[in-house]
file protein28.cif (mmCIF, N, CA and C atoms; chains and numbers go by the auth columns)
data_work
#
loop_
_atom_site.group_PDB
_atom_site.id
_atom_site.type_symbol
_atom_site.label_atom_id
_atom_site.label_comp_id
_atom_site.label_asym_id
_atom_site.label_seq_id
_atom_site.Cartn_x
_atom_site.Cartn_y
_atom_site.Cartn_z
_atom_site.B_iso_or_equiv
_atom_site.auth_seq_id
_atom_site.auth_asym_id
ATOM 1 N N MET A 1 104.527 110.221 85.055 0.00 1 W
ATOM 2 C CA MET A 1 104.044 109.573 86.251 0.00 1 W
ATOM 3 C C MET A 1 104.420 110.429 87.456 0.00 1 W
ATOM 4 N N GLN A 2 103.508 110.508 88.396 0.00 2 W
ATOM 5 C CA GLN A 2 103.736 111.270 89.626 0.00 2 W
ATOM 6 C C GLN A 2 103.944 110.304 90.783 0.00 2 W
ATOM 7 N N GLU A 3 104.881 110.625 91.663 0.00 3 W
ATOM 8 C CA GLU A 3 105.141 109.813 92.851 0.00 3 W
ATOM 9 C C GLU A 3 104.927 110.662 94.092 0.00 3 W
ATOM 10 N N TYR A 4 104.297 110.072 95.088 0.00 4 W
ATOM 11 C CA TYR A 4 104.074 110.734 96.374 0.00 4 W
ATOM 12 C C TYR A 4 104.534 109.802 97.482 0.00 4 W
ATOM 13 N N PHE A 5 105.257 110.363 98.444 0.00 5 W
ATOM 14 C CA PHE A 5 105.756 109.597 99.574 0.00 5 W
ATOM 15 C C PHE A 5 105.070 110.077 100.845 0.00 5 W
ATOM 16 N N PHE A 6 104.694 109.132 101.703 0.00 6 W
ATOM 17 C CA PHE A 6 103.991 109.476 102.939 0.00 6 W
ATOM 18 C C PHE A 6 104.103 108.323 103.925 0.00 6 W
ATOM 19 N N SER A 7 103.753 108.599 105.173 0.00 7 W
ATOM 20 C CA SER A 7 103.707 107.584 106.220 0.00 7 W
ATOM 21 C C SER A 7 102.268 107.348 106.634 0.00 7 W
ATOM 22 N N ILE A 8 101.970 106.108 107.000 0.00 8 W
ATOM 23 C CA ILE A 8 100.644 105.755 107.523 0.00 8 W
ATOM 24 C C ILE A 8 100.842 105.011 108.831 0.00 8 W
ATOM 25 N N TYR A 9 100.059 105.376 109.827 0.00 9 W
ATOM 26 C CA TYR A 9 100.022 104.673 111.102 0.00 9 W
ATOM 27 C C TYR A 9 98.564 104.485 111.483 0.00 9 W
ATOM 28 N N LEU A 10 98.009 103.330 111.132 0.00 10 W
ATOM 29 C CA LEU A 10 96.624 103.012 111.440 0.00 10 W
ATOM 30 C C LEU A 10 96.582 101.786 112.354 0.00 10 W
ATOM 31 N N THR A 11 95.720 101.813 113.353 0.00 11 W
ATOM 32 C CA THR A 11 95.558 100.645 114.230 0.00 11 W
ATOM 33 C C THR A 11 94.806 99.555 113.478 0.00 11 W
ATOM 34 N N TYR A 12 94.814 98.373 114.025 0.00 12 W
ATOM 35 C CA TYR A 12 94.087 97.273 113.411 0.00 12 W
ATOM 36 C C TYR A 12 92.597 97.599 113.331 0.00 12 W
ATOM 37 N N ASP A 13 92.044 98.177 114.400 0.00 13 W
ATOM 38 C CA ASP A 13 90.619 98.529 114.411 0.00 13 W
ATOM 39 C C ASP A 13 90.288 99.570 113.344 0.00 13 W
ATOM 40 N N GLU A 14 91.159 100.550 113.160 0.00 14 W
ATOM 41 C CA GLU A 14 90.946 101.543 112.109 0.00 14 W
ATOM 42 C C GLU A 14 90.976 100.874 110.732 0.00 14 W
ATOM 43 N N CYS A 15 91.897 99.946 110.551 0.00 15 W
ATOM 44 C CA CYS A 15 92.008 99.242 109.270 0.00 15 W
ATOM 45 C C CYS A 15 90.767 98.415 108.984 0.00 15 W
ATOM 46 N N MET A 16 90.214 97.803 110.005 0.00 16 W
ATOM 47 C CA MET A 16 89.027 96.980 109.802 0.00 16 W
ATOM 48 C C MET A 16 87.856 97.819 109.284 0.00 16 W
ATOM 49 N N LYS A 17 87.756 99.060 109.720 0.00 17 W
ATOM 50 C CA LYS A 17 86.693 99.936 109.214 0.00 17 W
ATOM 51 C C LYS A 17 86.871 100.187 107.726 0.00 17 W
ATOM 52 N N TYR A 18 88.114 100.346 107.289 0.00 18 W
ATOM 53 C CA TYR A 18 88.386 100.511 105.861 0.00 18 W
ATOM 54 C C TYR A 18 88.136 99.192 105.133 0.00 18 W
ATOM 55 N N TYR A 19 88.634 98.110 105.710 0.00 19 W
ATOM 56 C CA TYR A 19 88.534 96.797 105.086 0.00 19 W
ATOM 57 C C TYR A 19 87.081 96.366 104.909 0.00 19 W
ATOM 58 N N GLU A 20 86.254 96.668 105.907 0.00 20 W
ATOM 59 C CA GLU A 20 84.837 96.292 105.866 0.00 20 W
ATOM 60 C C GLU A 20 83.999 97.236 105.010 0.00 20 W
ATOM 61 N N GLY A 21 84.608 98.293 104.504 0.00 21 W
ATOM 62 C CA GLY A 21 83.895 99.205 103.625 0.00 21 W
ATOM 63 C C GLY A 21 83.202 100.354 104.328 0.00 21 W
ATOM 64 N N TYR A 22 83.409 100.475 105.643 0.00 22 W
ATOM 65 C CA TYR A 22 82.813 101.581 106.386 0.00 22 W
ATOM 66 C C TYR A 22 83.350 102.914 105.865 0.00 22 W
ATOM 67 N N TYR A 23 84.653 102.934 105.581 0.00 23 W
ATOM 68 C CA TYR A 23 85.274 104.082 104.921 0.00 23 W
ATOM 69 C C TYR A 23 85.712 103.628 103.540 0.00 23 W
ATOM 70 N N LYS A 24 85.541 104.472 102.561 0.00 24 W
ATOM 71 C CA LYS A 24 85.890 104.092 101.195 0.00 24 W
ATOM 72 C C LYS A 24 87.227 104.668 100.735 0.00 24 W
ATOM 73 N N TYR A 25 87.702 105.722 101.408 0.00 25 W
ATOM 74 C CA TYR A 25 88.929 106.390 100.982 0.00 25 W
ATOM 75 C C TYR A 25 89.890 106.593 102.150 0.00 25 W
ATOM 76 N N ILE A 26 91.167 106.614 101.820 0.00 26 W
ATOM 77 C CA ILE A 26 92.236 106.971 102.747 0.00 26 W
ATOM 78 C C ILE A 26 92.692 108.360 102.332 0.00 26 W
ATOM 79 N N GLN A 27 92.866 109.237 103.307 0.00 27 W
ATOM 80 C CA GLN A 27 93.396 110.571 103.018 0.00 27 W
ATOM 81 C C GLN A 27 94.689 110.729 103.786 0.00 27 W
ATOM 82 N N VAL A 28 95.739 111.100 103.080 0.00 28 W
ATOM 83 C CA VAL A 28 97.059 111.281 103.680 0.00 28 W
ATOM 84 C C VAL A 28 97.634 112.619 103.245 0.00 28 W
ATOM 85 N N THR A 29 98.631 113.058 103.973 0.00 29 W
ATOM 86 C CA THR A 29 99.401 114.239 103.576 0.00 29 W
ATOM 87 C C THR A 29 100.778 113.747 103.169 0.00 29 W
ATOM 88 N N GLU A 30 101.118 113.972 101.923 0.00 30 W
ATOM 89 C CA GLU A 30 102.425 113.509 101.432 0.00 30 W
ATOM 90 C C GLU A 30 103.527 114.433 101.936 0.00 30 W
ATOM 91 N N ASP A 31 104.762 113.995 101.776 0.00 31 W
ATOM 92 C CA ASP A 31 105.913 114.706 102.339 0.00 31 W
ATOM 93 C C ASP A 31 105.990 116.178 101.933 0.00 31 W
ATOM 94 N N GLY A 32 105.494 116.527 100.771 0.00 32 W
ATOM 95 C CA GLY A 32 105.529 117.912 100.300 0.00 32 W
ATOM 96 C C GLY A 32 104.389 118.767 100.823 0.00 32 W
ATOM 97 N N GLY A 33 103.473 118.164 101.600 0.00 33 W
ATOM 98 C CA GLY A 33 102.370 118.910 102.192 0.00 33 W
ATOM 99 C C GLY A 33 101.046 118.802 101.448 0.00 33 W
ATOM 100 N N LYS A 34 101.042 118.127 100.310 0.00 34 W
ATOM 101 C CA LYS A 34 99.818 117.977 99.518 0.00 34 W
ATOM 102 C C LYS A 34 98.937 116.877 100.107 0.00 34 W
ATOM 103 N N THR A 35 97.630 117.133 100.187 0.00 35 W
ATOM 104 C CA THR A 35 96.678 116.135 100.670 0.00 35 W
ATOM 105 C C THR A 35 96.236 115.271 99.501 0.00 35 W
ATOM 106 N N ILE A 36 96.306 113.957 99.713 0.00 36 W
ATOM 107 C CA ILE A 36 95.967 112.996 98.667 0.00 36 W
ATOM 108 C C ILE A 36 94.930 112.023 99.221 0.00 36 W
ATOM 109 N N ARG A 37 93.951 111.700 98.390 0.00 37 W
ATOM 110 C CA ARG A 37 92.914 110.753 98.767 0.00 37 W
ATOM 111 C C ARG A 37 92.878 109.641 97.727 0.00 37 W
ATOM 112 N N PHE A 38 92.858 108.386 98.213 0.00 38 W
ATOM 113 C CA PHE A 38 92.811 107.250 97.295 0.00 38 W
ATOM 114 C C PHE A 38 91.917 106.153 97.882 0.00 38 W
ATOM 115 N N PRO A 39 91.413 105.248 97.052 0.00 39 W
ATOM 116 C CA PRO A 39 90.515 104.200 97.531 0.00 39 W
ATOM 117 C C PRO A 39 91.167 103.321 98.604 0.00 39 W
ATOM 118 N N ALA A 40 90.432 103.083 99.669 0.00 40 W
ATOM 119 C CA ALA A 40 90.947 102.307 100.801 0.00 40 W
ATOM 120 C C ALA A 40 91.291 100.872 100.417 0.00 40 W
ATOM 121 N N ALA A 41 90.680 100.366 99.376 0.00 41 W
ATOM 122 C CA ALA A 41 90.956 98.987 98.951 0.00 41 W
ATOM 123 C C ALA A 41 92.438 98.767 98.667 0.00 41 W
ATOM 124 N N HIS A 42 93.172 99.820 98.340 0.00 42 W
ATOM 125 C CA HIS A 42 94.587 99.676 97.994 0.00 42 W
ATOM 126 C C HIS A 42 95.478 99.383 99.202 0.00 42 W
ATOM 127 N N ILE A 43 94.991 99.580 100.424 0.00 43 W
ATOM 128 C CA ILE A 43 95.837 99.272 101.588 0.00 43 W
ATOM 129 C C ILE A 43 95.595 97.878 102.142 0.00 43 W
ATOM 130 N N ARG A 44 94.598 97.182 101.636 0.00 44 W
ATOM 131 C CA ARG A 44 94.221 95.873 102.201 0.00 44 W
ATOM 132 C C ARG A 44 95.393 94.904 102.280 0.00 44 W
ATOM 133 N N LYS A 45 96.221 94.866 101.280 0.00 45 W
ATOM 134 C CA LYS A 45 97.327 93.904 101.281 0.00 45 W
ATOM 135 C C LYS A 45 98.411 94.244 102.303 0.00 45 W
ATOM 136 N N PHE A 46 98.360 95.441 102.892 0.00 46 W
ATOM 137 C CA PHE A 46 99.370 95.855 103.865 0.00 46 W
ATOM 138 C C PHE A 46 98.894 95.721 105.317 0.00 46 W
ATOM 139 N N VAL A 47 97.651 95.297 105.526 0.00 47 W
ATOM 140 C CA VAL A 47 97.097 95.199 106.875 0.00 47 W
ATOM 141 C C VAL A 47 97.660 93.967 107.576 0.00 47 W
ATOM 142 N N SER A 48 98.183 94.181 108.782 0.00 48 W
ATOM 143 C CA SER A 48 98.669 93.085 109.621 0.00 48 W
ATOM 144 C C SER A 48 97.923 93.130 110.953 0.00 48 W
ATOM 145 N N SER A 49 98.311 92.299 111.881 0.00 49 W
ATOM 146 C CA SER A 49 97.664 92.290 113.194 0.00 49 W
ATOM 147 C C SER A 49 97.915 93.593 113.957 0.00 49 W
ATOM 148 N N LEU A 50 98.898 94.367 113.532 0.00 50 W
ATOM 149 C CA LEU A 50 99.190 95.664 114.145 0.00 50 W
ATOM 150 C C LEU A 50 98.494 96.811 113.427 0.00 50 W
ATOM 151 N N GLY A 51 97.918 96.540 112.280 0.00 51 W
ATOM 152 C CA GLY A 51 97.317 97.589 111.457 0.00 51 W
ATOM 153 C C GLY A 51 98.176 97.842 110.241 0.00 51 W
ATOM 154 N N VAL A 52 98.321 99.100 109.880 0.00 52 W
ATOM 155 C CA VAL A 52 99.199 99.496 108.774 0.00 52 W
ATOM 156 C C VAL A 52 100.155 100.541 109.312 0.00 52 W
ATOM 157 N N ARG A 53 101.428 100.269 109.172 0.00 53 W
ATOM 158 C CA ARG A 53 102.459 101.184 109.657 0.00 53 W
ATOM 159 C C ARG A 53 103.607 101.199 108.661 0.00 53 W
ATOM 160 N N GLY A 54 104.093 102.400 108.349 0.00 54 W
ATOM 161 C CA GLY A 54 105.264 102.472 107.496 0.00 54 W
ATOM 162 C C GLY A 54 105.230 103.607 106.497 0.00 54 W
ATOM 163 N N ARG A 55 106.257 103.596 105.665 0.00 55 W
ATOM 164 C CA ARG A 55 106.408 104.590 104.596 0.00 55 W
ATOM 165 C C ARG A 55 105.944 103.953 103.297 0.00 55 W
ATOM 166 N N PHE A 56 105.268 104.760 102.488 0.00 56 W
ATOM 167 C CA PHE A 56 104.697 104.262 101.251 0.00 56 W
ATOM 168 C C PHE A 56 104.996 105.208 100.099 0.00 56 W
ATOM 169 N N ARG A 57 104.955 104.632 98.899 0.00 57 W
ATOM 170 C CA ARG A 57 105.069 105.415 97.668 0.00 57 W
ATOM 171 C C ARG A 57 103.816 105.141 96.844 0.00 57 W
ATOM 172 N N LEU A 58 103.113 106.207 96.496 0.00 58 W
ATOM 173 C CA LEU A 58 101.929 106.133 95.659 0.00 58 W
ATOM 174 C C LEU A 58 102.289 106.675 94.289 0.00 58 W
ATOM 175 N N CYS A 59 102.017 105.910 93.249 0.00 59 W
ATOM 176 C CA CYS A 59 102.287 106.342 91.876 0.00 59 W
ATOM 177 C C CYS A 59 100.966 106.556 91.154 0.00 59 W
ATOM 178 N N LEU A 60 100.859 107.700 90.492 0.00 60 W
ATOM 179 C CA LEU A 60 99.688 108.053 89.702 0.00 60 W
ATOM 180 C C LEU A 60 100.124 108.350 88.281 0.00 60 W
ATOM 181 N N ASP A 61 99.232 108.111 87.330 0.00 61 W
ATOM 182 C CA ASP A 61 99.562 108.432 85.942 0.00 61 W
ATOM 183 C C ASP A 61 99.277 109.904 85.659 0.00 61 W
ATOM 184 N N GLY A 62 99.407 110.325 84.433 0.00 62 W
ATOM 185 C CA GLY A 62 99.233 111.715 84.044 0.00 62 W
ATOM 186 C C GLY A 62 97.833 112.265 84.267 0.00 62 W
ATOM 187 N N GLN A 63 96.839 111.364 84.384 0.00 63 W
ATOM 188 C CA GLN A 63 95.461 111.787 84.641 0.00 63 W
ATOM 189 C C GLN A 63 95.080 111.602 86.109 0.00 63 W
ATOM 190 N N ASN A 64 96.075 111.461 86.971 0.00 64 W
ATOM 191 C CA ASN A 64 95.894 111.245 88.412 0.00 64 W
ATOM 192 C C ASN A 64 95.148 109.957 88.734 0.00 64 W
ATOM 193 N N SER A 65 95.262 108.962 87.883 0.00 65 W
ATOM 194 C CA SER A 65 94.669 107.650 88.138 0.00 65 W
ATOM 195 C C SER A 65 95.702 106.762 88.825 0.00 65 W
ATOM 196 N N PHE A 66 95.216 105.894 89.687 0.00 66 W
ATOM 197 C CA PHE A 66 96.066 105.005 90.461 0.00 66 W
ATOM 198 C C PHE A 66 96.892 104.098 89.543 0.00 66 W
ATOM 199 N N VAL A 67 98.178 103.995 89.862 0.00 67 W
ATOM 200 C CA VAL A 67 99.068 103.049 89.175 0.00 67 W
ATOM 201 C C VAL A 67 99.534 101.995 90.162 0.00 67 W
ATOM 202 N N SER A 68 100.105 102.451 91.315 0.00 68 W
ATOM 203 C CA SER A 68 100.593 101.486 92.295 0.00 68 W
ATOM 204 C C SER A 68 100.759 102.145 93.659 0.00 68 W
ATOM 205 N N LEU A 69 100.761 101.281 94.679 0.00 69 W
ATOM 206 C CA LEU A 69 101.052 101.679 96.051 0.00 69 W
ATOM 207 C C LEU A 69 102.001 100.628 96.590 0.00 69 W
ATOM 208 N N GLU A 70 103.152 101.061 97.073 0.00 70 W
ATOM 209 C CA GLU A 70 104.096 100.106 97.621 0.00 70 W
ATOM 210 C C GLU A 70 104.667 100.595 98.936 0.00 70 W
ATOM 211 N N LYS A 71 104.925 99.638 99.807 0.00 71 W
ATOM 212 C CA LYS A 71 105.554 99.933 101.086 0.00 71 W
ATOM 213 C C LYS A 71 107.055 99.993 100.850 0.00 71 W
ATOM 214 N N ILE A 72 107.679 101.078 101.315 0.00 72 W
ATOM 215 C CA ILE A 72 109.114 101.221 101.067 0.00 72 W
ATOM 216 C C ILE A 72 109.943 101.011 102.329 0.00 72 W
ATOM 217 N N THR A 73 109.330 101.050 103.509 0.00 73 W
ATOM 218 C CA THR A 73 110.017 100.712 104.766 0.00 73 W
ATOM 219 C C THR A 73 109.029 100.192 105.763 0.00 73 W
#

call {"tool": "encode", "arguments": {"input": "protein28.cif", "output": "structure tokens"}}
result
Amino acid sequence: MQEYFFSIYLTYDECMKYYEGYYKYIQVTEDGGKTIRFPAAHIRKFVSSLGVRGRFRLCLDGQNSFVSLEKIT
């Protein structure tokens, strides 16, 4: 299993574009400098009235398929 750590700071309006399906993917740069893209649907549970803010851990399996996304701070 692979783990990637990164921060996200999205406004509520930016999140709504993802939530409404206007954008289908989130692209982030993880702490090691690698660019990672994953389906935007995975951030929906983290959206608040402020948007999405914080540190996250993304876990992928050996075939780079999504396993989990969790907020760590």

call {"tool": "select_by_dssp", "arguments": {"input": "protein28.cif", "residues": "chain W", "states": "helix (DSSP H, G or I)", "output": "list in words"}}
result
Tyr12, Asp13, Glu14, Cys15, Met16, Lys17, Tyr18, Tyr19, Ala40, Ala41, His42, Ile43, Arg44, Lys45 and Phe46 of chain W

call {"tool": "residues_around", "arguments": {"input": "protein28.cif", "residues": "Leu60 (chain W)", "least_positions_apart": "5", "cutoff": "7 Å", "atoms": "all atoms listed in the file", "output": "list in words"}}
result
Met1, Gln2, Glu3, Tyr4, Ser65, Phe66, Val67 and Ser68 of chain W

call {"tool": "resolve_selection", "arguments": {"input": "protein28.cif", "expression": "the PyMOL selection byres ((chain W and resi 41-54) around 6)", "output": "number ranges by chain"}}
result
W: 6-12, 15, 24, 39-40, 55-56, 73

call {"tool": "resolve_selection", "arguments": {"input": "protein28.cif", "expression": "the PyMOL selection byres ((chain W and resi 31) around 5)", "output": "ChimeraX atom specification"}}
result
/W:5-6,29-30,32-33

call {"tool": "atom_distance", "arguments": {"input": "protein28.cif", "atom1": "atom C of Thr35 (chain W)", "atom2": "atom C of Asp13 (chain W)"}}
result
21.8 Å

call {"tool": "atom_distance", "arguments": {"input": "protein28.cif", "atom1": "CA of Asn64 (chain W)", "atom2": "atom N of Glu14 (chain W)"}}
result
27.4 Å

call {"tool": "atom_distance", "arguments": {"input": "protein28.cif", "atom1": "atom N of Asp61 (chain W)", "atom2": "atom C of Lys34 (chain W)"}}
result
15.5 Å

call {"tool": "select_by_dssp", "arguments": {"input": "protein28.cif", "residues": "chain W", "states": "strand (DSSP E)", "output": "ChimeraX atom specification"}}
result
/W:2-10,25-29,35-39,52-60,66-71
